[in-house]
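Below is one structure, written out as C-alpha cells; the observations come after it.
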Amino acid sequence: MNGQSGVRSIDVGAPPSRFARGWHCLGLARPLRDGSPHAVEAFGTKLVVYADAAGELHVLDAFCRHMGGDLSRGTIKGDAIACPFHDWRWGADGKCAQIPYSRRVPPTARTRSWRTLERNQQLFIWNDPQGNPPPDEVTIPRIEGAYSDQWSNWTWDSLIVDANCREVVDNVVDMAHFFYIHFAFPTYFRNVLEGHIASQYLRTRSRPDYAPDTGQPSGGSAEIGLTSEAAYYGPSYMIDYLNYDYHGTPMDAVLINCHYPVTPERFVLQWGVIVKKLPGLTAEQADKVAAKFAKFVGLGFEQDVEIWTHKTRIDNPLLCADDGPVYQLRRWYEQFYLDVEAIPADMVARHEFEIDTTRAVEAWEAEVAANLAARQPAPAADVAASPL
Amino acid sequence: MTGHTGVAGPLLPLEGQQSFQRGPGETEICCAGCGAVVLAAKFSIQHTSVQWDAAAVRRCAEFGRRVAAGEQTPLIERCEAMRASIEAAALDGRLPVAPP
C-alpha cells in the first residue's frame with residue numbers, strides 16, 4: 001500500500017460457479033444435419049449434436065458413460081449415436097439403446113440428454129442446473145423474416161472469447177461505448193428490464209470521422225441513421241430489429257447476438273443477420289447485403305473482444321450520471337444464476353431507464369469536428385453504424 | 001421497506017403490493033390516469049429512471065389494454081400516461097431534477 005487516501009478500489013469478484021439457466025443458441029440448424037455428429041464445447045463439458053433418421057436434432061453429453069469415449073467422434077446409426085470406442089448406442093432420451101456385443105444393457109446406462117428447440121432456423125438447448133423444464137413464457141420468439149422468402153438467408157459467424165460472458169451482456173446498457181468502440185453516435189438510449197427480458201431502444205447516426213464499413217479514419221463519411229430495438233430473451237439470446245439507411249432506401253434487418261458459455265471464463269459469441277429484400281434485388285444480392293452488414297457487425301465485435309480480453313472483471317463499476325443502468329442490468333442478469341425459488345421480486349420487476357444524451361452528443365460533435373478538421377476528405381461509405 | 005402508502009391520487013394503491021427500498025432521488029409518482037404508483041428519478045430534464053413493482057404493472061391501464069391485445073409488458077417501451085405524470089411532477093417541483 002502506498003498510503004494514498006480516497007483511492008477507489010476495484011472489486012474483481014469472481015465468475016459464477018454455475019452456468020445461466022435459459023435457452024442457449026448453438027448455431028444454425030441446417031449445417032448440423034449433414035449426417036455427422038458435431039462436437040460443441042459448452043457448459044463446462046463437451047456435447048454431441050446429431051440428427052436422427054427423421055432429421056430431428058438431439059444433444060447429449062459427448063463423453064460415453066461406459067469408458068469415456070467421445071460420441072462426437074462416433075457415427076450416427078439409425079436414431080442413435082454410436083460411440084467409436086465400443087459401439088454403445090445412445091438414443092435421444094439419453095438411454096443406452098443397444099450394446100451390440102452384450103446380452104443386456106445395464107439399467108443405469110443413461111447419459112445427460114439436453115432439451116432442444118429449433119426456431120428461426122437455429123438450434124437451442126435449455127440449461128437449468130435445477131433440472132426443471134422451461135416455463136411456457138420463457139421461450140425464443142419467432143422472427144417472421146426467418147420464415148419468409150422476402151428476406152435473405154442468415155449469415156452466421158462466431159468468436160471464442162476468453163472472459164466471463166457477463167461482459168457481452170453489460171453492453172445492453174452501455175451507451176457511451178457505442179461511440180468509442182463502434183463508431184456510432186447514440187442520440188437516444190433507453191432500457192426496459194422486466195421478467196426474463198432486457199430491452200434496449202437505440203437511435204444512432206454513424207460517425208462521419210470514420211468509414212463505417214472499415215472502421216478506418218475518414219475525412220468525411222456520409223452520416224447514416226439507424227434505429228434499433230433489441231431485447232435479450234433470457235441470459236444469452238438477443239434479437240435486434242434494425243432499420244437503417246441503405247443508399248437512401250430504408251433497410252430492415254434482424255441481427256442475432258447470442259452466446260453460450262464454454263467455461264466460467266470462456267464463451268462463444270455468435271452473430272447472424274437477415275435483411276429484407278429490397279424491391280428488384282435477387283436472393284443472391286440480398287444475401288450479399290446481409291453479408292456486408294454482418295461483416296461490419298463482426299468488426300464491432302472484434303473491437304469488443306479487444307476490450308474484454310484485456311480488461312479486468314469489475315463488480316463495482318464507478319458510474320457517472322450519464323451512464324446506463326449497469327447495476328440494475330446486472331441485478332436482472334443475476335436471476336439466471338439463482339434457483340428460481342430464490343429470485344426476489346425486485347430482481348425481475350420492471351425498470352425503465354432513459355439516458356440524457358445531450359451532454360454526450362455535444363462532446364462527441366466537438367470531437368468529430370476536430371478529427372475531421374485534421375483529415376483529408378475521403379469518399380463516403382455505405383454501411384450503417386453497428387447497433388452493438 | 002418503503003411502502004407505496006399514503007399517496008395522493010385518483011385511486012388508493014392496491015393492498016399487498018410489493019414495494020421496494022427507495023433509491024437516491026427516487027420519488028413516488030402516482031399516474032393521473034389509473035393510479036399506478038412507481039418510483040421515479042430524474043438526473044436531468046431528459047433523463048428518467050422508473051421503478052415499477054408487479055402491482056403497478058398490473059394496475060397500469062395502458063399496459064392492460066396492450067396485454068389484452070397480445071403484447072408483453074417487457075416489450076412495451078413505455079406507458080405514455082405514466083410518462084406524462086412524471087413530466088408533470090418534474091415541472092411542478094414534486095420530482096427533483098438533479099444528478100444523484
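Letters for chains follow the order of the C-alpha cells (A, B, ...), residue numbers begin at 1 for each chain, and ligand numbers begin at 1 in the order shown.
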
Kindly assemble as a tab-separated table a list of the chain A residues that lie within 12 Å of chain B, each paired with its nearest atom pair and their distance in Å to one decimal, using only C-alpha atoms, sorted first by chain and then by ascending residue number.
```
residue	atom	partner	partner_atom	distance
A:Glu137	CA	B:Gln72	CA	10.0
A:Val138	CA	B:Gln72	CA	12.0
A:Pro141	CA	B:Gln72	CA	11.6
A:Thr187	CA	B:Gln46	CA	11.6
A:Tyr188	CA	B:Gln46	CA	10.1
A:Phe189	CA	B:His47	CA	9.9
A:Arg190	CA	B:Glu77	CA	8.3
A:Asn191	CA	B:Glu77	CA	8.2
A:Val192	CA	B:Pro74	CA	6.7
A:Leu193	CA	B:Pro74	CA	6.7
A:Glu194	CA	B:Pro74	CA	5.2
A:Gly195	CA	B:Pro74	CA	7.0
A:His196	CA	B:Pro74	CA	8.5
A:Ile197	CA	B:Pro74	CA	6.2
A:Ala198	CA	B:Pro74	CA	7.4
A:Ser199	CA	B:Leu75	CA	7.0
A:Gln200	CA	B:Glu77	CA	9.0
A:Tyr201	CA	B:Glu77	CA	7.8
A:Leu202	CA	B:Glu77	CA	11.3
A:Glu229	CA	B:Leu75	CA	9.5
A:Ala230	CA	B:Leu75	CA	9.5
A:Ala231	CA	B:Leu75	CA	8.0
A:Tyr232	CA	B:Leu75	CA	10.4
A:Tyr233	CA	B:Pro74	CA	10.1
A:Gly234	CA	B:Pro74	CA	11.9
A:Ile239	CA	B:Leu75	CA	11.8
A:Leu319	CA	B:Pro100	CA	11.0
A:Cys320	CA	B:Pro99	CA	9.1
A:Ala321	CA	B:Pro99	CA	6.1
A:Asp322	CA	B:His47	CA	8.6
A:Asp323	CA	B:His47	CA	10.6
A:Gly324	CA	B:Ser49	CA	10.1
A:Pro325	CA	B:Ser49	CA	8.9
A:Gln328	CA	B:Gln51	CA	10.2
A:Pro344	CA	B:Gln18	CA	10.5
A:Ala345	CA	B:Gln18	CA	7.6
A:Asp346	CA	B:Phe20	CA	6.9
A:Met347	CA	B:Asp53	CA	10.2
A:Val348	CA	B:Asp53	CA	9.1
A:Ala349	CA	B:Asp53	CA	5.5
A:Arg350	CA	B:Trp52	CA	5.1
A:His351	CA	B:Gln51	CA	4.7
A:Glu352	CA	B:Val50	CA	5.0
A:Phe353	CA	B:Ser49	CA	4.4
A:Glu354	CA	B:Thr48	CA	5.2
A:Ile355	CA	B:His47	CA	5.0
A:Asp356	CA	B:His47	CA	4.6
A:Thr357	CA	B:Gln46	CA	8.0
A:Thr358	CA	B:Gln46	CA	8.1
A:Arg359	CA	B:Ser44	CA	10.6
```

Let me see the file: selected residues, C-alpha atoms, as a tab-separated table (two decimals), in the first residue's frame.
```tsv
chain	number	residue	atom	x	y	z
A	137	GLU	CA	-43.44	-17.93	-21.11
A	138	VAL	CA	-39.66	-18.41	-21.22
A	141	PRO	CA	-39.88	-15.87	-30.09
A	187	THR	CA	-28.79	10.14	-29.82
A	188	TYR	CA	-31.48	8.17	-27.96
A	189	PHE	CA	-30.94	5.37	-25.48
A	190	ARG	CA	-33.48	3.65	-23.31
A	191	ASN	CA	-33.59	0.33	-21.46
A	192	VAL	CA	-36.51	-1.66	-20.08
A	193	LEU	CA	-35.72	-4.62	-17.81
A	194	GLU	CA	-38.63	-6.84	-16.80
A	195	GLY	CA	-39.03	-10.54	-16.11
A	196	HIS	CA	-36.59	-12.54	-18.23
A	197	ILE	CA	-36.41	-9.82	-20.93
A	198	ALA	CA	-33.97	-6.90	-21.16
A	199	SER	CA	-34.64	-4.38	-23.94
A	200	GLN	CA	-32.62	-1.60	-25.48
A	201	TYR	CA	-34.12	1.15	-27.64
A	202	LEU	CA	-31.42	2.96	-29.55
A	229	GLU	CA	-34.99	-2.26	-30.92
A	230	ALA	CA	-33.12	-5.07	-29.28
A	231	ALA	CA	-34.04	-7.47	-26.49
A	232	TYR	CA	-32.41	-10.32	-24.64
A	233	TYR	CA	-34.83	-13.19	-24.18
A	234	GLY	CA	-33.17	-14.82	-21.19
A	239	ILE	CA	-32.92	-10.27	-31.22
A	319	LEU	CA	-20.55	5.22	-12.86
A	320	CYS	CA	-21.26	8.82	-13.84
A	321	ALA	CA	-24.67	10.47	-14.21
A	322	ASP	CA	-24.67	9.88	-17.97
A	323	ASP	CA	-24.01	6.13	-17.85
A	324	GLY	CA	-26.67	3.47	-18.30
A	325	PRO	CA	-28.16	1.32	-15.50
A	328	GLN	CA	-29.83	-2.75	-12.43
A	344	PRO	CA	-36.50	-11.82	-5.20
A	345	ALA	CA	-39.43	-9.86	-6.71
A	346	ASP	CA	-37.42	-6.67	-7.17
A	347	MET	CA	-34.79	-8.50	-9.25
A	348	VAL	CA	-37.27	-9.06	-12.06
A	349	ALA	CA	-39.60	-6.08	-11.55
A	350	ARG	CA	-39.92	-3.60	-14.39
A	351	HIS	CA	-37.17	-0.98	-14.51
A	352	GLU	CA	-37.02	1.75	-17.15
A	353	PHE	CA	-34.00	3.95	-17.68
A	354	GLU	CA	-33.64	6.65	-20.32
A	355	ILE	CA	-30.29	8.37	-20.67
A	356	ASP	CA	-29.92	12.08	-21.34
A	357	THR	CA	-27.64	12.08	-24.39
A	358	THR	CA	-27.46	15.91	-24.62
A	359	ARG	CA	-24.08	16.29	-22.95
```

- Item | Contacts of Ala20 in chain A within 8 Å, only C-alpha atoms, excl. fewer than 2 positions in-chain, as a list of chain:residue names | A:Arg18, A:Gly22, A:Asn127, A:Asp128, A:Pro235, A:Phe336, A:Tyr337

- What lies within 10 Å of Met82 in chain B using only C-alpha atoms, ignoring chain neighbours under 4 positions off, as a list of chain:residue names? B:Ile29, B:Cys30, B:Cys31, B:Ala32, B:Gly33, B:Cys34, B:Gly35, B:Ala36, B:Val37, B:Val38, B:Val50, B:Cys60, B:Ala61, B:Glu62, B:Arg78, B:Ile86, B:Glu87, B:Ala88

- Query: Running DSSP on the backbone, which parts of range 206-380 of chain A land in helix (DSSP H, G or I), as a count of residues only?
  - Reply: 61

- Quick one: of A:Ala211, A:Ala51, A:Ala29, A:Ile125, who's nearest to His182 in chain A, counting only C-alpha atoms?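 Nearest candidate to His182 in chain A out of A:Ala211, A:Ala51, A:Ala29, A:Ile125: A:Ala211.
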
- Per DSSP on the backbone, filter range 108-303 of chain A down to the residues in strand (DSSP E or B) and report them as JSON, numbers by chain. {"A": [110, 113, 114, 116, 117, 118, 119, 122, 123, 124, 125, 126, 127, 151, 157, 158, 159, 160, 161, 184, 185, 186, 187, 188, 189, 190, 191, 192, 193, 194, 197, 198, 199, 200, 201, 202, 203, 204, 205, 206, 210, 217, 225, 226, 227, 228, 229, 230, 231, 232, 233, 237, 238, 239, 240, 241, 242, 243, 244, 245, 246, 249, 250, 251, 252, 253, 254, 255, 256, 257, 258, 259, 260, 261, 262, 263, 266, 267, 268, 269, 270, 271, 272, 273, 274, 275, 276]}

- Task: Find the residues around Ile10 in chain A up to 12 Å (only C-alpha atoms counted), leave out those fewer than 4 positions away in its own chain, and share them as JSON, numbers by chain.
- Result: {"A": [311, 312, 313, 314, 315, 316, 317, 318]}

Written selection (C-alpha atoms) as a PDB file, in the first residue's frame:
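This is the output file again_36.pdb:
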```
ATOM      1  CA  LYS A 311      -9.976  -5.518 -19.154  1.00  0.00           C
ATOM      2  CA  THR A 312     -10.455  -6.747 -15.596  1.00  0.00           C
ATOM      3  CA  ARG A 313     -13.664  -8.164 -14.284  1.00  0.00           C
ATOM      4  CA  ILE A 314     -15.172  -5.404 -12.139  1.00  0.00           C
ATOM      5  CA  ASP A 315     -18.038  -5.943  -9.709  1.00  0.00           C
ATOM      6  CA  ASN A 316     -18.128  -2.321  -8.516  1.00  0.00           C
ATOM      7  CA  PRO A 317     -18.052  -0.143 -11.642  1.00  0.00           C
ATOM      8  CA  LEU A 318     -17.745   3.574 -10.882  1.00  0.00           C
TER       9      LEU A 318
END
```

- Using only C-alpha atoms, determine which residues lie at most 10 Å from Ile181 in chain A, disregarding the query and same-chain residues fewer than 2 positions distant; provide the list as a VMD selection string. chain A and resid 176 to 179 183 to 184 215 299 to 304 306 to 307 386 388

Store the residues picked out above in a file with all heavy atoms, as a compact mmCIF listing (two decimals), in the first residue's frame.
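File written: result35.txt
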```
# COMPACT_ATOMS: atom_id res chain seq x y z
N ALA A 176 -22.26 4.77 -23.87
CA ALA A 176 -21.08 5.52 -24.34
C ALA A 176 -20.12 4.66 -25.15
O ALA A 176 -19.41 5.18 -26.01
CB ALA A 176 -20.36 6.15 -23.15
N HIS A 177 -20.09 3.34 -24.93
CA HIS A 177 -19.13 2.53 -25.67
C HIS A 177 -19.46 2.48 -27.16
O HIS A 177 -18.58 2.21 -27.97
CB HIS A 177 -19.01 1.12 -25.06
CG HIS A 177 -19.84 0.06 -25.72
ND1 HIS A 177 -21.22 0.02 -25.63
CD2 HIS A 177 -19.48 -1.00 -26.50
CE1 HIS A 177 -21.66 -1.03 -26.32
NE2 HIS A 177 -20.65 -1.67 -26.85
N PHE A 178 -20.72 2.78 -27.52
CA PHE A 178 -21.07 2.79 -28.95
C PHE A 178 -20.23 3.82 -29.71
O PHE A 178 -19.84 3.59 -30.85
CB PHE A 178 -22.56 3.10 -29.15
CG PHE A 178 -23.43 1.93 -28.87
CD1 PHE A 178 -23.95 1.72 -27.60
CD2 PHE A 178 -23.73 1.00 -29.86
CE1 PHE A 178 -24.75 0.63 -27.34
CE2 PHE A 178 -24.53 -0.09 -29.60
CZ PHE A 178 -25.04 -0.28 -28.33
N PHE A 179 -19.98 4.93 -29.08
CA PHE A 179 -19.19 5.97 -29.74
C PHE A 179 -17.72 5.56 -29.82
O PHE A 179 -17.10 5.65 -30.87
CB PHE A 179 -19.32 7.29 -28.97
CG PHE A 179 -18.59 8.44 -29.61
CD1 PHE A 179 -19.14 9.13 -30.67
CD2 PHE A 179 -17.33 8.82 -29.15
CE1 PHE A 179 -18.46 10.18 -31.26
CE2 PHE A 179 -16.64 9.87 -29.73
CZ PHE A 179 -17.21 10.55 -30.79
N PHE A 183 -17.95 3.31 -33.29
CA PHE A 183 -18.02 4.44 -34.22
C PHE A 183 -19.46 4.87 -34.51
O PHE A 183 -19.77 5.32 -35.60
CB PHE A 183 -17.28 4.11 -35.52
CG PHE A 183 -15.88 3.64 -35.28
CD1 PHE A 183 -15.48 2.37 -35.63
CD2 PHE A 183 -14.95 4.49 -34.67
CE1 PHE A 183 -14.19 1.93 -35.38
CE2 PHE A 183 -13.67 4.05 -34.42
CZ PHE A 183 -13.28 2.77 -34.78
N ALA A 184 -20.33 4.67 -33.54
CA ALA A 184 -21.72 5.11 -33.68
C ALA A 184 -21.96 6.24 -32.70
O ALA A 184 -21.24 6.41 -31.72
CB ALA A 184 -22.67 3.96 -33.40
N GLY A 215 -14.09 0.96 -40.39
CA GLY A 215 -13.64 1.45 -39.09
C GLY A 215 -12.36 2.27 -39.18
O GLY A 215 -11.76 2.60 -38.17
N LEU A 299 -16.74 -6.54 -37.29
CA LEU A 299 -15.70 -5.58 -36.93
C LEU A 299 -15.97 -5.01 -35.55
O LEU A 299 -15.06 -4.85 -34.73
CB LEU A 299 -15.65 -4.43 -37.95
CG LEU A 299 -15.00 -4.70 -39.29
CD1 LEU A 299 -15.20 -3.49 -40.21
CD2 LEU A 299 -13.52 -4.99 -39.13
N GLY A 300 -17.25 -4.69 -35.29
CA GLY A 300 -17.62 -4.15 -33.99
C GLY A 300 -17.34 -5.14 -32.87
O GLY A 300 -16.80 -4.79 -31.82
N PHE A 301 -17.69 -6.41 -33.12
CA PHE A 301 -17.46 -7.41 -32.08
C PHE A 301 -15.96 -7.63 -31.84
O PHE A 301 -15.53 -7.85 -30.71
CB PHE A 301 -18.13 -8.74 -32.45
CG PHE A 301 -19.58 -8.81 -32.07
CD1 PHE A 301 -20.54 -9.20 -32.98
CD2 PHE A 301 -19.98 -8.49 -30.78
CE1 PHE A 301 -21.88 -9.27 -32.63
CE2 PHE A 301 -21.32 -8.56 -30.42
CZ PHE A 301 -22.27 -8.95 -31.34
N GLU A 302 -15.17 -7.56 -32.91
CA GLU A 302 -13.72 -7.71 -32.70
C GLU A 302 -13.18 -6.60 -31.80
O GLU A 302 -12.29 -6.83 -30.98
CB GLU A 302 -12.99 -7.70 -34.05
CG GLU A 302 -13.13 -9.03 -34.78
CD GLU A 302 -12.67 -8.95 -36.23
OE1 GLU A 302 -12.00 -7.97 -36.60
OE2 GLU A 302 -13.01 -9.88 -36.99
N GLN A 303 -13.79 -5.41 -31.94
CA GLN A 303 -13.36 -4.32 -31.06
C GLN A 303 -13.81 -4.56 -29.63
O GLN A 303 -13.09 -4.25 -28.67
CB GLN A 303 -13.92 -3.00 -31.59
CG GLN A 303 -13.33 -2.64 -32.94
CD GLN A 303 -14.04 -1.50 -33.61
OE1 GLN A 303 -13.66 -0.36 -33.44
NE2 GLN A 303 -15.11 -1.78 -34.34
N ASP A 304 -15.01 -5.13 -29.46
CA ASP A 304 -15.45 -5.52 -28.12
C ASP A 304 -14.50 -6.54 -27.51
O ASP A 304 -14.12 -6.44 -26.34
CB ASP A 304 -16.85 -6.17 -28.18
CG ASP A 304 -17.97 -5.15 -28.27
OD1 ASP A 304 -17.91 -4.13 -27.57
OD2 ASP A 304 -18.93 -5.41 -29.02
N GLU A 306 -11.40 -7.14 -28.16
CA GLU A 306 -10.13 -6.50 -27.78
C GLU A 306 -10.25 -5.89 -26.38
O GLU A 306 -9.35 -6.03 -25.54
CB GLU A 306 -9.77 -5.43 -28.83
CG GLU A 306 -8.83 -4.33 -28.38
CD GLU A 306 -7.43 -4.80 -28.06
OE1 GLU A 306 -7.03 -5.89 -28.54
OE2 GLU A 306 -6.73 -4.09 -27.30
N ILE A 307 -11.38 -5.25 -26.10
CA ILE A 307 -11.60 -4.68 -24.76
C ILE A 307 -11.74 -5.80 -23.72
O ILE A 307 -11.06 -5.81 -22.69
CB ILE A 307 -12.87 -3.79 -24.75
CG1 ILE A 307 -12.71 -2.58 -25.67
CG2 ILE A 307 -13.22 -3.37 -23.31
CD1 ILE A 307 -11.74 -1.53 -25.21
N SER A 386 -22.86 0.11 -36.37
CA SER A 386 -23.22 -1.11 -35.65
C SER A 386 -24.17 -0.80 -34.51
O SER A 386 -24.01 0.19 -33.82
CB SER A 386 -21.97 -1.75 -35.07
OG SER A 386 -22.35 -2.74 -34.14
N LEU A 388 -24.38 -2.66 -31.89
CA LEU A 388 -23.97 -3.39 -30.68
C LEU A 388 -22.87 -2.68 -29.94
O LEU A 388 -22.03 -2.08 -30.51
CB LEU A 388 -23.51 -4.79 -31.07
CG LEU A 388 -24.67 -5.60 -31.61
CD1 LEU A 388 -24.19 -6.91 -32.14
CD2 LEU A 388 -25.71 -5.83 -30.53
```

- Within 9 Å of Val275 in chain A using only C-alpha atoms, minus same-chain residues under 6 positions, as an NGL selection string: :A and (145 or 150-154 or 251-255 or 286-287 or 289-290 or 293)

- Residue nearest Tyr244 in chain A among A:Arg205, A:Arg166, A:Arg33, A:His38 (counting only C-alpha atoms):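 With only C-alpha atoms as the atom set, the closest residue is A:Arg205.
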
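Here CA of His86 in chain A is placed at a distance of 8.3 Å from CA of Gly69 in chain A.
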